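Report on one structure; see the data block that follows.
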Amino acid sequence: MRDLQDGHFNVKNPACYVYPKENNCSPGDHFREDQAEAMENFVSYRPFAFKISAAQKAANALTLFGIAASVIVVLAALGFALWSRTSRCRRRRAAGST
């Protein structure tokens with residue numbers, strides 16, 4: 001598997017399947033000799049660096065924005081519920097003390 005032939009290892013580069021243009025390769029290309037560290041990481045089930053498309057970067061940013069917005073909405077709803085509950089208790093106490 002780690003044999004080198006014609007400057008390429010006998011391991012397909014998965015980045016070439018998903019982002020071939022960004023990684024300057026074609027689908028089905030093997031890891032090159034200069035990508036030995038990335039190939040070792042890949043076959044060892046460790047992450048390795050590769051370039052992603054602008055569309056994927058935009059999707060990642062949109063996802064982070066959506067998660068942040070969801071957290072803000074949930075926190076606001078919890079804050080409103082807590083405020084509403086405590087203000088009801090205060091009104092009851094005020095009505096009972098008069």
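Identifiers in this document derive from the order of the structure tokens: chains are assigned A, B, ..., residues are numbered from 1 separately in each chain, and ligands are numbered from 1 in order of occurrence.
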
* **Which of stretch 6-77 of chain A DSSP labels alpha helix (DSSP H), written as an NGL selection string** => :A and (15-18 or 36-43 or 54-77)

Given only C-alpha atoms, how would the per-residue table for stretch 44-63 of chain A near stretch 12-21 of chain A read, listing every residue at most 8 Å away with its closest atom pair and distance in Å to one decimal, sorted by chain and number, as JSON lines?
{"residue": "A:Phe50", "atom": "CA", "partner": "A:Ala15", "partner_atom": "CA", "distance": 6.5}
{"residue": "A:Lys51", "atom": "CA", "partner": "A:Tyr19", "partner_atom": "CA", "distance": 7.3}
{"residue": "A:Ile52", "atom": "CA", "partner": "A:Tyr19", "partner_atom": "CA", "distance": 6.1}
{"residue": "A:Ser53", "atom": "CA", "partner": "A:Tyr19", "partner_atom": "CA", "distance": 6.6}

Would you save the residues of that selection, restricted to C-alpha atoms, as a PDB file, in the first residue's frame?
ATOM      1  CA  PHE A  50      -6.963  19.498   2.151  1.00  0.00           C
ATOM      2  CA  LYS A  51      -8.616  22.474   0.490  1.00  0.00           C
ATOM      3  CA  ILE A  52     -12.402  22.911   0.381  1.00  0.00           C
ATOM      4  CA  SER A  53     -14.548  24.860  -2.064  1.00  0.00           C
TER       5      SER A  53
END

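In the backbone-derived DSSP annotation, strand (DSSP E) within chain A comprises A:Leu4, A:Gln5, A:His8, A:Phe9, A:Asn10, A:Val11, A:Lys12, A:His30, A:Phe31, A:Arg32.
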
Could you save those same residues with N, CA and C atoms as a compact mmCIF listing (two decimals), in the first residue's frame?
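Wrote it out as out14.txt, contents follow:
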# COMPACT_ATOMS: atom_id res chain seq x y z
N LEU A 4 5.84 3.16 -3.54
CA LEU A 4 5.93 4.34 -4.38
C LEU A 4 6.22 3.91 -5.81
N GLN A 5 5.36 4.31 -6.75
CA GLN A 5 5.56 4.02 -8.16
C GLN A 5 5.29 5.27 -8.96
N HIS A 8 3.94 8.27 -7.11
CA HIS A 8 2.63 8.18 -6.45
C HIS A 8 2.57 6.95 -5.56
N PHE A 9 1.86 7.08 -4.43
CA PHE A 9 1.61 5.94 -3.55
C PHE A 9 0.39 5.19 -4.07
N ASN A 10 0.26 3.94 -3.69
CA ASN A 10 -0.87 3.13 -4.12
C ASN A 10 -2.07 3.33 -3.19
N VAL A 11 -2.38 4.59 -2.91
CA VAL A 11 -3.51 4.96 -2.06
C VAL A 11 -4.22 6.13 -2.73
N LYS A 12 -5.53 5.99 -2.92
CA LYS A 12 -6.31 7.06 -3.54
C LYS A 12 -6.46 8.23 -2.57
N HIS A 30 -4.01 9.25 -7.05
CA HIS A 30 -3.35 8.72 -5.86
C HIS A 30 -2.60 9.84 -5.14
N PHE A 31 -2.26 9.58 -3.88
CA PHE A 31 -1.41 10.52 -3.15
C PHE A 31 -0.06 10.60 -3.86
N ARG A 32 0.46 11.82 -4.00
CA ARG A 32 1.78 12.02 -4.60
C ARG A 32 2.87 11.83 -3.55

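With only C-alpha atoms as the atoms that count, the residue of A:Ala94, A:Ala36, A:Val74, A:Ala61 with the shortest distance to A:Ala49 is A:Ala36.
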
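Note that the spacing between atom CA of A:Cys25 and atom CA of A:Met39 amounts to 14.7 Å.
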
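Atom to atom, atom CA of A:Phe48 and atom CA of A:Gly66 stand 26.7 Å apart.
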